[in-house]
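One file, entry_6.cif, is given below (mmCIF, C-alpha atoms).
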```
data_entry
#
loop_
_atom_site.label_atom_id
_atom_site.label_comp_id
_atom_site.auth_asym_id
_atom_site.auth_seq_id
_atom_site.Cartn_x
_atom_site.Cartn_y
_atom_site.Cartn_z
CA MET A 1 302.07 207.47 236.57
CA GLU A 2 303.01 211.10 236.11
CA PRO A 3 305.99 212.66 237.92
CA LYS A 4 304.87 214.48 241.05
CA THR A 5 306.40 217.73 242.29
CA LEU A 6 303.99 219.74 244.46
CA LYS A 7 301.52 218.03 246.78
CA ARG A 8 298.43 217.38 244.69
CA VAL A 9 294.87 217.84 245.88
CA LEU A 10 291.64 217.25 243.99
CA ILE A 11 288.88 219.82 244.57
CA ILE A 12 285.41 218.35 244.02
CA THR A 13 282.93 221.20 243.54
CA TYR A 14 279.60 221.68 241.83
CA TYR A 15 279.90 225.45 241.37
CA TRP A 16 282.63 226.56 238.98
CA PRO A 17 282.83 229.30 236.33
CA PRO A 18 280.73 230.26 234.47
CA ALA A 19 278.55 229.79 237.57
CA GLY A 20 277.73 233.09 239.22
CA GLY A 21 276.84 233.93 242.80
CA PRO A 22 278.78 233.47 246.05
CA GLY A 23 279.04 229.66 245.93
CA VAL A 24 281.73 229.70 243.25
CA GLN A 25 284.03 232.30 244.80
CA ARG A 26 285.55 230.38 247.71
CA TRP A 27 287.27 227.54 245.86
CA LEU A 28 287.93 229.52 242.70
CA LYS A 29 290.11 231.84 244.80
CA PHE A 30 291.79 229.00 246.70
CA VAL A 31 292.68 227.32 243.41
CA LYS A 32 294.05 230.61 242.13
CA TYR A 33 296.67 230.87 244.91
CA LEU A 34 297.39 227.32 246.16
CA ARG A 35 300.45 226.76 243.97
CA GLU A 36 302.19 229.69 245.62
CA PHE A 37 302.12 227.67 248.85
CA GLY A 38 303.32 224.29 247.57
CA VAL A 39 299.99 222.66 246.63
CA ASP A 40 298.96 221.70 243.10
CA PRO A 41 295.14 221.83 242.81
CA LEU A 42 293.21 219.78 240.27
CA VAL A 43 289.48 220.38 239.95
CA TYR A 44 286.53 218.07 239.29
CA VAL A 45 283.21 219.60 238.21
CA PRO A 46 280.03 218.50 236.41
CA GLU A 47 280.09 218.60 232.64
CA ASN A 48 276.49 219.73 232.24
CA PRO A 49 275.45 221.59 235.41
CA SER A 50 272.27 223.59 235.89
CA TYR A 51 273.46 226.89 237.31
CA PRO A 52 270.78 229.38 238.43
CA LEU A 53 273.16 232.31 237.80
CA LEU A 54 275.90 232.80 235.21
CA ASP A 55 278.88 235.16 235.32
CA GLN A 56 281.05 234.78 232.24
CA ASP A 57 283.59 237.24 233.65
CA LEU A 58 284.65 234.67 236.26
CA ILE A 59 286.05 232.37 233.58
CA LYS A 60 289.09 234.62 233.31
CA GLU A 61 289.82 233.96 237.00
CA VAL A 62 290.56 230.28 236.35
CA PRO A 63 294.35 229.77 235.99
CA GLU A 64 295.11 228.90 232.36
CA ASP A 65 297.19 225.83 233.19
CA ILE A 66 294.86 224.38 235.82
CA THR A 67 293.62 220.83 235.18
CA VAL A 68 289.83 220.59 235.29
CA PHE A 69 288.15 217.19 234.96
CA LYS A 70 284.49 217.02 233.98
CA HIS A 71 281.93 214.23 234.10
CA PRO A 72 278.20 214.35 233.26
CA VAL A 73 275.68 214.81 236.02
CA PHE A 74 272.05 213.73 235.84
CA GLU A 75 269.72 216.22 237.47
CA PRO A 76 265.95 215.72 237.47
CA TYR A 77 265.48 219.32 236.46
CA SER A 78 262.06 219.03 234.89
CA ILE A 79 261.11 219.94 238.45
CA ALA A 80 264.44 221.46 239.08
CA SER A 81 264.72 225.05 240.24
CA VAL A 82 263.38 223.74 243.52
CA PHE A 83 266.20 221.24 243.82
CA SER A 84 268.92 223.86 244.10
CA LYS A 85 269.55 225.66 247.36
CA LYS A 86 268.69 228.93 245.64
CA GLY A 87 265.37 227.70 244.30
CA THR A 88 264.37 226.11 247.58
CA GLU A 89 265.28 229.16 249.61
CA ALA A 90 263.47 231.45 247.20
CA MET A 91 260.29 229.42 247.37
CA SER A 92 260.27 228.42 251.01
CA SER A 93 261.50 231.53 252.77
CA GLY A 94 262.08 234.38 250.43
CA LEU A 95 261.02 235.29 246.95
CA ILE A 96 257.88 233.12 247.13
CA LYS A 97 256.13 233.26 250.49
CA GLU A 98 254.85 230.03 252.00
CA LYS A 99 251.23 231.17 251.97
CA GLU A 100 251.52 231.79 248.22
CA GLN A 101 252.69 228.25 247.45
CA GLY A 102 250.19 226.14 245.56
CA ILE A 103 249.76 222.38 245.62
CA LYS A 104 252.44 221.98 242.94
CA GLU A 105 255.03 224.00 244.87
CA ARG A 106 254.35 222.15 248.12
CA LEU A 107 254.59 218.81 246.31
CA LEU A 108 257.90 219.78 244.74
CA LEU A 109 259.30 220.77 248.13
CA TRP A 110 258.20 217.40 249.53
CA ILE A 111 259.89 215.58 246.64
CA ARG A 112 263.04 217.66 247.05
CA GLY A 113 263.33 216.90 250.75
CA ASN A 114 262.14 213.29 250.89
CA LEU A 115 263.14 211.60 247.63
CA PHE A 116 266.39 213.35 246.78
CA ILE A 117 268.56 212.91 249.87
CA PRO A 118 270.66 214.88 250.53
CA ASP A 119 269.81 216.78 247.30
CA ALA A 120 269.20 216.29 243.59
CA ARG A 121 272.91 216.01 242.81
CA ARG A 122 272.90 212.61 244.52
CA PHE A 123 272.82 211.01 241.07
CA TRP A 124 276.37 212.30 240.50
CA ILE A 125 277.82 210.31 243.41
CA HIS A 126 278.23 206.82 241.93
CA PRO A 127 279.38 207.91 238.43
CA SER A 128 281.89 210.30 240.02
CA VAL A 129 283.40 207.67 242.29
CA LYS A 130 283.74 205.30 239.34
CA PHE A 131 285.35 208.05 237.23
CA LEU A 132 287.70 209.33 239.93
CA GLU A 133 289.07 206.12 241.45
CA PRO A 134 291.56 205.35 238.63
CA LEU A 135 292.27 209.07 238.21
CA LEU A 136 293.52 209.41 241.78
CA GLU A 137 296.16 206.75 241.20
CA GLN A 138 297.10 207.98 237.74
CA LYS A 139 297.59 211.58 238.90
CA GLN A 140 299.14 210.60 242.26
CA ILE A 141 296.50 212.46 244.24
CA ASP A 142 296.43 211.59 247.94
CA THR A 143 294.03 214.27 249.19
CA VAL A 144 290.53 215.27 248.02
CA VAL A 145 288.35 218.18 249.08
CA THR A 146 284.58 218.18 248.81
CA THR A 147 282.69 221.42 249.26
CA GLY A 148 278.98 221.74 249.92
CA PRO A 149 276.27 222.60 249.42
CA PRO A 150 275.26 220.59 247.53
CA HIS A 151 276.11 218.21 250.36
CA SER A 152 275.79 215.16 248.10
CA LEU A 153 279.37 215.97 247.06
CA HIS A 154 280.53 214.98 250.54
CA LEU A 155 279.23 211.49 249.84
CA ILE A 156 281.64 211.31 246.89
CA GLY A 157 284.47 212.05 249.32
CA LEU A 158 283.12 209.50 251.80
CA LYS A 159 283.12 206.71 249.20
CA LEU A 160 286.52 207.65 247.77
CA GLN A 161 288.02 207.64 251.25
CA LYS A 162 286.59 204.21 251.97
CA GLU A 163 287.58 202.61 248.66
CA THR A 164 290.98 204.24 247.99
CA LYS A 165 292.25 205.32 251.44
CA VAL A 166 292.69 208.85 250.09
CA LYS A 167 292.76 211.66 252.68
CA TRP A 168 289.55 213.70 252.67
CA ILE A 169 288.69 217.27 253.68
CA ALA A 170 284.96 218.13 253.90
CA ASP A 171 284.31 221.87 253.51
CA PHE A 172 280.96 223.20 254.73
CA ARG A 173 280.25 226.55 253.12
CA ASP A 174 276.83 226.35 254.79
CA PRO A 175 275.44 224.00 257.46
CA TRP A 176 273.48 220.92 256.39
CA THR A 177 270.48 220.16 258.61
CA SER A 178 270.57 223.35 260.68
CA ILE A 179 270.30 225.84 257.82
CA GLY A 180 267.00 227.69 257.62
CA TYR A 181 265.65 226.40 254.32
CA HIS A 182 266.21 222.75 255.35
CA LYS A 183 263.36 223.06 257.83
CA LYS A 184 260.99 224.13 255.04
CA LEU A 185 261.43 220.94 252.99
CA LYS A 186 258.40 219.21 254.55
CA LEU A 187 260.51 216.24 255.60
CA SER A 188 258.98 212.98 256.75
CA ARG A 189 260.31 211.56 260.01
CA TRP A 190 262.28 208.97 258.01
CA ALA A 191 263.78 211.58 255.67
CA ALA A 192 264.77 213.89 258.53
CA LYS A 193 266.50 210.98 260.26
CA LYS A 194 268.29 210.00 257.04
CA HIS A 195 269.62 213.53 256.51
CA LYS A 196 270.98 213.59 260.06
CA GLN A 197 272.54 210.15 259.73
CA LEU A 198 274.37 211.12 256.54
CA GLU A 199 275.47 214.45 258.01
CA LYS A 200 276.89 212.75 261.12
CA LYS A 201 278.64 210.07 259.06
CA VAL A 202 280.33 212.69 256.88
CA LEU A 203 281.39 214.76 259.88
CA LYS A 204 282.81 211.78 261.77
CA SER A 205 284.52 210.19 258.75
CA ALA A 206 286.29 213.11 257.07
CA ASP A 207 289.93 213.51 258.03
CA ILE A 208 289.37 217.25 258.40
CA VAL A 209 286.15 219.30 258.47
CA LEU A 210 286.18 222.98 257.55
CA ALA A 211 283.53 225.61 258.31
CA THR A 212 283.28 229.27 257.30
CA SER A 213 282.49 230.61 260.79
CA HIS A 214 283.25 229.75 264.40
CA THR A 215 279.53 229.41 265.16
CA THR A 216 278.99 226.86 262.40
CA ALA A 217 282.16 225.03 263.47
CA LYS A 218 280.77 224.68 267.01
CA GLU A 219 277.43 223.42 265.65
CA LEU A 220 279.20 220.77 263.58
CA GLU A 221 281.39 219.82 266.54
CA GLY A 222 278.23 219.26 268.57
CA ILE A 223 276.97 216.80 265.97
CA SER A 224 280.24 214.93 265.44
CA GLY A 225 281.96 215.19 268.81
CA ARG A 226 285.23 216.17 267.12
CA GLY A 227 287.14 219.30 266.21
CA VAL A 228 286.20 221.43 263.20
CA LYS A 229 288.53 224.05 261.72
CA THR A 230 287.30 227.52 260.79
CA LEU A 231 288.46 228.98 257.49
CA THR A 232 286.43 232.06 256.63
CA ASN A 233 285.78 233.54 253.23
CA GLY A 234 287.64 236.67 252.24
CA PHE A 235 288.43 239.23 249.56
CA ASP A 236 290.92 239.22 246.73
CA THR A 237 293.17 242.27 246.53
CA ALA A 238 293.60 241.52 242.82
CA ASP A 239 289.86 242.12 242.33
CA THR A 240 290.08 245.75 243.34
CA PRO A 241 288.82 247.75 240.35
CA VAL A 242 290.25 251.06 239.24
CA GLU A 243 289.30 253.27 242.15
CA VAL A 244 285.74 254.44 241.70
CA GLY A 245 284.61 257.52 243.51
CA PRO A 246 281.43 257.46 245.59
CA SER A 247 278.13 258.73 244.27
CA SER A 248 277.30 262.38 244.80
CA LYS A 249 274.11 261.10 246.46
CA PHE A 250 273.80 259.63 249.95
CA ARG A 251 273.58 256.17 248.40
CA LEU A 252 272.85 253.10 250.52
CA ALA A 253 273.47 249.87 248.63
CA HIS A 254 272.72 246.22 249.27
CA ILE A 255 274.54 243.76 247.02
CA GLY A 256 272.98 240.29 246.69
CA SER A 257 269.59 238.61 247.02
CA LEU A 258 267.25 240.31 249.45
CA LEU A 259 264.65 237.78 250.50
CA THR A 260 261.57 238.36 252.62
CA GLY A 261 263.20 237.05 255.80
CA ARG A 262 265.90 239.74 255.54
CA ASP A 263 263.48 242.63 255.06
CA PRO A 264 264.88 245.47 257.24
CA LYS A 265 261.58 247.21 257.92
CA ILE A 266 263.07 249.28 260.76
CA LEU A 267 265.64 250.69 258.35
CA TRP A 268 262.98 251.68 255.84
CA GLU A 269 261.01 253.30 258.67
CA VAL A 270 264.07 255.24 259.80
CA LEU A 271 264.81 256.46 256.28
CA GLY A 272 261.14 257.36 255.75
CA GLU A 273 261.08 259.42 258.94
CA LEU A 274 264.25 261.29 257.97
CA VAL A 275 262.80 262.03 254.52
CA GLU A 276 259.78 263.58 256.22
CA THR A 277 261.73 265.68 258.70
CA GLU A 278 264.96 266.59 256.90
CA ARG A 279 264.62 268.47 253.60
CA SER A 280 268.24 267.95 252.57
CA PHE A 281 268.02 264.24 253.37
CA LYS A 282 265.12 263.95 250.95
CA ASP A 283 267.20 265.63 248.26
CA ASP A 284 270.25 263.44 248.86
CA LEU A 285 268.91 259.93 249.54
CA GLU A 286 269.29 257.03 247.11
CA ILE A 287 268.71 253.30 247.79
CA ASN A 288 270.31 250.72 245.48
CA LEU A 289 269.22 247.08 245.72
CA VAL A 290 271.44 244.90 243.54
CA GLY A 291 270.26 241.32 242.94
CA ALA A 292 266.96 239.47 243.30
CA VAL A 293 264.54 241.30 245.61
CA SER A 294 261.29 239.81 246.93
CA GLU A 295 258.00 241.56 246.32
CA GLU A 296 257.45 241.85 250.07
CA VAL A 297 260.68 243.81 250.49
CA LEU A 298 259.72 246.14 247.64
CA GLN A 299 256.33 246.67 249.26
CA SER A 300 257.98 247.54 252.60
CA VAL A 301 260.09 250.17 250.85
CA LYS A 302 256.96 251.63 249.22
CA ASN A 303 255.03 251.55 252.50
CA ALA A 304 257.75 253.70 254.07
CA GLY A 305 257.34 256.29 251.30
CA LEU A 306 260.73 255.53 249.78
CA GLU A 307 259.76 254.44 246.28
CA PRO A 308 261.06 257.69 244.67
CA PHE A 309 264.52 256.95 246.06
CA LEU A 310 264.66 253.26 245.13
CA PHE A 311 266.73 251.76 242.29
CA VAL A 312 266.60 247.99 241.73
CA LYS A 313 269.53 246.76 239.64
CA GLY A 314 268.91 243.01 239.39
CA TYR A 315 271.74 240.48 239.15
CA VAL A 316 275.09 241.87 237.98
CA SER A 317 278.52 240.33 237.36
CA HIS A 318 281.04 240.11 240.18
CA ASP A 319 283.15 242.86 238.59
CA LYS A 320 280.13 245.16 238.41
CA ALA A 321 279.20 244.34 242.00
CA LEU A 322 282.66 245.45 243.15
CA GLN A 323 282.23 248.73 241.29
CA LEU A 324 278.79 249.35 242.80
CA GLN A 325 280.19 248.74 246.29
CA ARG A 326 282.68 251.56 245.79
CA GLU A 327 280.08 253.90 244.35
CA ALA A 328 277.99 253.58 247.51
CA ARG A 329 278.28 255.79 250.59
CA VAL A 330 276.98 253.07 252.93
CA LEU A 331 276.87 249.30 252.36
CA LEU A 332 274.01 247.28 253.84
CA LEU A 333 274.49 243.81 255.32
CA LEU A 334 271.24 242.07 256.25
CA GLU A 335 270.51 238.66 257.76
CA ILE A 336 267.43 236.74 258.90
CA ASP A 337 266.59 237.24 262.58
CA SER A 338 267.04 233.67 263.79
CA LYS A 339 269.31 231.59 266.01
CA ASP A 340 270.06 229.46 262.95
CA THR A 341 271.66 232.42 261.15
CA ARG A 342 274.02 233.57 263.90
CA GLY A 343 276.91 231.72 262.31
CA ILE A 344 276.33 232.96 258.76
CA ILE A 345 279.01 235.35 257.55
CA PRO A 346 278.03 236.47 254.04
CA GLY A 347 280.97 236.36 251.67
CA LYS A 348 280.26 239.88 250.51
CA LEU A 349 281.10 241.22 253.97
CA PHE A 350 284.81 240.85 253.28
CA GLU A 351 284.50 242.65 249.96
CA TYR A 352 282.49 245.35 251.71
CA MET A 353 285.36 245.87 254.14
CA ALA A 354 287.87 245.97 251.30
CA ALA A 355 285.78 248.66 249.59
CA ARG A 356 286.35 250.89 252.64
CA ARG A 357 282.79 252.07 252.81
CA PRO A 358 281.04 251.99 256.20
CA VAL A 359 278.92 248.88 256.68
CA LEU A 360 275.50 249.14 258.30
CA ALA A 361 274.44 245.64 259.40
CA ILE A 362 271.14 244.37 260.76
CA GLY A 363 270.82 240.78 261.94
CA PRO A 364 270.21 238.39 264.85
CA GLU A 365 271.56 238.83 268.35
CA ASN A 366 275.10 237.51 268.83
CA TRP A 367 275.62 237.46 265.07
CA GLU A 368 279.19 236.42 264.31
CA ALA A 369 279.33 238.76 261.32
CA GLY A 370 278.59 241.63 263.67
CA GLU A 371 281.45 240.62 265.95
CA LEU A 372 283.76 240.53 262.95
CA LEU A 373 282.62 244.00 261.92
CA ALA A 374 283.30 245.37 265.39
CA GLU A 375 286.74 243.75 265.60
CA SER A 376 287.79 245.11 262.20
CA ARG A 377 286.23 248.55 262.84
CA ALA A 378 284.50 248.35 259.47
CA GLY A 379 280.96 249.18 260.54
CA ALA A 380 278.15 248.85 263.06
CA VAL A 381 275.59 246.10 263.68
CA PHE A 382 272.05 246.33 265.06
CA THR A 383 269.28 243.87 265.85
CA TYR A 384 265.81 244.19 264.36
CA LYS A 385 264.61 245.75 267.64
CA GLU A 386 267.14 248.59 267.86
CA LYS A 387 265.38 251.24 265.84
CA GLN A 388 266.55 254.32 267.74
CA PRO A 389 270.25 253.35 267.83
CA LEU A 390 269.97 252.51 264.13
CA LYS A 391 268.45 255.92 263.43
CA GLU A 392 271.26 257.66 265.30
CA ALA A 393 273.82 255.71 263.27
CA VAL A 394 272.16 256.70 259.98
CA ILE A 395 272.14 260.35 261.06
CA GLU A 396 275.84 260.14 261.91
CA LEU A 397 276.62 258.56 258.53
CA TYR A 398 274.62 261.27 256.80
CA ARG A 399 276.45 263.96 258.74
CA ASN A 400 279.77 262.47 257.60
CA TYR A 401 278.51 262.50 254.03
CA LYS A 402 277.58 266.18 254.26
CA ASN A 403 280.99 266.93 255.74
CA GLY A 404 282.71 265.26 252.79
CA THR A 405 283.92 262.14 254.61
CA ILE A 406 284.20 259.33 252.05
CA PHE A 407 285.94 256.41 253.68
CA GLY A 408 285.07 254.48 256.79
CA GLU A 409 287.59 253.90 259.57
CA GLU A 410 290.89 252.25 258.71
CA THR A 411 289.99 248.59 258.88
CA GLN A 412 292.04 245.65 260.14
CA ILE A 413 291.34 243.07 257.48
CA SER A 414 294.66 241.79 256.13
CA GLN A 415 294.00 238.35 257.65
CA TYR A 416 290.97 238.02 255.34
CA THR A 417 292.77 238.40 252.03
CA ARG A 418 292.29 235.38 249.77
CA LYS A 419 296.04 234.85 249.66
CA ALA A 420 296.42 234.81 253.46
CA LEU A 421 293.51 232.37 253.78
CA THR A 422 294.95 230.14 251.05
CA GLU A 423 298.23 229.96 252.94
CA LYS A 424 296.31 228.61 255.96
CA LEU A 425 294.52 226.11 253.73
CA ALA A 426 297.80 224.94 252.19
CA THR A 427 299.21 224.29 255.67
CA ILE A 428 296.13 222.20 256.52
CA ILE A 429 296.48 220.19 253.31
CA LYS A 430 300.18 219.55 253.73
CA ASP A 431 299.83 218.58 257.41
CA ILE A 432 296.93 216.15 256.92
#
```
Take the structure in the file and give it back as structure tokens.
Amino acid sequence: MEPKTLKRVLIITYYWPPAGGPGVQRWLKFVKYLREFGVDPLVYVPENPSYPLLDQDLIKEVPEDITVFKHPVFEPYSIASVFSKKGTEAMSSGLIKEKEQGIKERLLLWIRGNLFIPDARRFWIHPSVKFLEPLLEQKQIDTVVTTGPPHSLHLIGLKLQKETKVKWIADFRDPWTSIGYHKKLKLSRWAAKKHKQLEKKVLKSADIVLATSHTTAKELEGISGRGVKTLTNGFDTADTPVEVGPSSKFRLAHIGSLLTGRDPKILWEVLGELVETERSFKDDLEINLVGAVSEEVLQSVKNAGLEPFLFVKGYVSHDKALQLQREARVLLLLEIDSKDTRGIIPGKLFEYMAARRPVLAIGPENWEAGELLAESRAGAVFTYKEKQPLKEAVIELYRNYKNGTIFGEETQISQYTRKALTEKLATIIKDI
């Protein structure tokens, strides 16, 4: 056995640099700061993952002396983009509309939901448990963390807990059976029941369950009948780029995938009306969409007469995304109008607030992200029915732009720094 100094914890995650997208950020940042608070993190990741997005710049974020264990994962990826959350969401509710799915796409969704439970990474469970059991003793690790999706990783924690008596923290970055795309998987009655059984077993068995929002925590508590801790995402002060000045244009920017369900048609209508009635607005307006954008969203922009003002950037690195946030005059936060999305707090919201640009948010009623925005004084939130209030807000933002106002209100966001959140996590780990 090796000598042990700090309390050691093993982080079991599928997404790790060079993976891009929001899924990698949460635990990459926790690992970065945990040692400052008396916890030594070791990381376990797949050796040959199939990442839908790559961001090589994130590799430099991994501490040089961190121990990362890797083991092969088998993924049936001849049919695979559908097996990832991203692929499923894109096909079932976003980039590919349901009415455009052919027999092949519908069959793949059925396979994804009914044969690969909880997801296609299920084939990593048994080999991982076999690989990790002796490692836990050798490295004197008494606590493991599993983070999902993919939720199959929680089953690794479940088996390790049962067979080694290790303490186990299950981190839910997204819900399991209540998330929107889960309902589009064409589940049989048996498969739906199996998903719920596994979800409940994980929630009841883990020593601690974490969620990224209070709404999701309450949903999980309703399933398990036990307490769930909320540990939100955040922003890293070390990520702040050299201060970039805002565009000379009245630039509205959305950073991240913009799927059909998040199409803010009322915003496009508002902007189209102002283009028609305000000559200076027409001269100043610019719309930046950064990331994957569905064809339906692009068509909505065109239908509103806004195509001349539209710039679609595609996927960019995290560093570039931070720069584009600061070049914008207004940052857009958009969510699907559904009860199931009320507890979703997009990770980019915290970076938006750190950029100190006013946030214009459109989402469901009682959206927790909107409450957070109001509390921190970082922006305003509207439902998809509040066109006139939204228009008044856009006019006010434009007036500020013409008056030379660059920054939004002074925000109250220190509690959402990655370091502050890691300190809370370290306390949870040490008290388990």
### Message
My list of candidates is A:Gly291, A:Gly363, A:Pro41, A:Gly113. Which is closest to Arg189 (chain A) when distances are computed with all atoms listed in the file?
### Response
A:Gly113
### Query
Do you know which residues the PyMOL selection byres ((chain A and resi 163) around 12) returns on this file, as a VMD selection string?
chain A and resid 129 to 130 132 to 134 136 156 to 162 164 to 168
Could you please take those selected residues and save C-alpha atoms as a CSV table (one decimal), in the coordinates of the input?
```
chain,number,residue,atom,x,y,z
A,129,VAL,CA,283.4,207.7,242.3
A,130,LYS,CA,283.7,205.3,239.3
A,132,LEU,CA,287.7,209.3,239.9
A,133,GLU,CA,289.1,206.1,241.4
A,134,PRO,CA,291.6,205.4,238.6
A,136,LEU,CA,293.5,209.4,241.8
A,156,ILE,CA,281.6,211.3,246.9
A,157,GLY,CA,284.5,212.0,249.3
A,158,LEU,CA,283.1,209.5,251.8
A,159,LYS,CA,283.1,206.7,249.2
A,160,LEU,CA,286.5,207.6,247.8
A,161,GLN,CA,288.0,207.6,251.2
A,162,LYS,CA,286.6,204.2,252.0
A,164,THR,CA,291.0,204.2,248.0
A,165,LYS,CA,292.2,205.3,251.4
A,166,VAL,CA,292.7,208.8,250.1
A,167,LYS,CA,292.8,211.7,252.7
A,168,TRP,CA,289.6,213.7,252.7
```
### Message
Starting from the PyMOL selection byres ((chain A and resi 341) around 9), expand the selection into actual residues of this file and give them as a list in words.
### Response
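Given this file, the PyMOL selection byres ((chain A and resi 341) around 9) evaluates to Ile179, Gly180, Glu335, Ile336, Asp337, Ser338, Lys339, Asp340, Arg342, Gly343, Ile344, Ile345, Gly363, Pro364 and Trp367 of chain A.
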### Task
Apply the PyMOL selection byres ((chain A and resi 70) around 7) to the file shown and report the selected residues as a list in words.
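Applied to this file, the PyMOL selection byres ((chain A and resi 70) around 7) returns Tyr44, Val45, Pro46, Glu47, Val68, Phe69, His71 and Pro72 of chain A.
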### Task
Have a look at A:Asp284, A:Asp57, A:Glu375, A:Glu221 and name the one nearest to Gln412 (chain A); count all atoms listed in the file.
A:Glu375
#### Entry: Contacts of Leu322 (chain A) at 12 Å (all atoms listed in the file; same-chain gap of 6+ positions) as a PyMOL selection string
chain A and resi 235-244+253-256+290+316+328+331+348-357
### Message
Need to verify the contact set: Lys218 (chain A), 8 Å, only C-alpha atoms, exclusion of same-chain residues closer than 4 positions in sequence. Can you return it as an MDAnalysis selection string?
### Response
chainID A and resid 214 222 228
### Task
Figure out the distance between CA of Thr177 (chain A) and CA of Leu421 (chain A), please, to one decimal in Å.
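Distance between the two atoms: 26.5 Å.
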### Query
Between CA of Lys313 (chain A) and CA of Phe250 (chain A), what is the distance, to one decimal in Å?
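It comes out at 17.0 Å.
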### Task
Mind checking which residues fall within 7 Å of Gly347 (chain A), counting all atoms listed in the file, ignoring those fewer than 3 positions away in the same chain, and posting them as a PyMOL selection string?
chain A and resi 22+233-234+350
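The space separating CA of Leu258 (chain A) from CA of Val297 (chain A) comes to 7.5 Å.
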What would region 62-74 of chain A look like with N, CA and C atoms in place, written as a short mmCIF file (atom, residue, chain, number, x, y, z; two decimals), in the frame of the given file?
```cif
data_model
loop_
_atom_site.label_atom_id
_atom_site.label_comp_id
_atom_site.auth_asym_id
_atom_site.auth_seq_id
_atom_site.Cartn_x
_atom_site.Cartn_y
_atom_site.Cartn_z
N VAL A 62 290.03 231.64 236.28
CA VAL A 62 290.56 230.28 236.35
C VAL A 62 291.97 230.27 235.77
N PRO A 63 292.98 229.82 236.52
CA PRO A 63 294.35 229.77 235.99
C PRO A 63 294.39 228.98 234.68
N GLU A 64 295.11 229.51 233.69
CA GLU A 64 295.11 228.90 232.36
C GLU A 64 295.63 227.47 232.36
N ASP A 65 296.59 227.15 233.22
CA ASP A 65 297.19 225.83 233.19
C ASP A 65 296.62 224.89 234.24
N ILE A 66 295.48 225.25 234.81
CA ILE A 66 294.86 224.38 235.82
C ILE A 66 294.20 223.20 235.12
N THR A 67 294.26 222.03 235.73
CA THR A 67 293.62 220.83 235.18
C THR A 67 292.21 220.72 235.75
N VAL A 68 291.22 220.71 234.88
CA VAL A 68 289.83 220.59 235.29
C VAL A 68 289.23 219.35 234.64
N PHE A 69 288.80 218.40 235.46
CA PHE A 69 288.15 217.19 234.96
C PHE A 69 286.64 217.39 235.04
N LYS A 70 285.95 216.88 234.02
CA LYS A 70 284.49 217.02 233.98
C LYS A 70 283.85 215.67 233.71
N HIS A 71 282.70 215.46 234.32
CA HIS A 71 281.93 214.23 234.10
C HIS A 71 280.45 214.58 234.16
N PRO A 72 279.63 213.99 233.30
CA PRO A 72 278.20 214.35 233.26
C PRO A 72 277.50 214.11 234.58
N VAL A 73 276.53 214.96 234.84
CA VAL A 73 275.68 214.81 236.02
C VAL A 73 274.24 214.73 235.54
N PHE A 74 273.48 213.80 236.12
CA PHE A 74 272.05 213.73 235.84
C PHE A 74 271.30 214.47 236.93
#
```
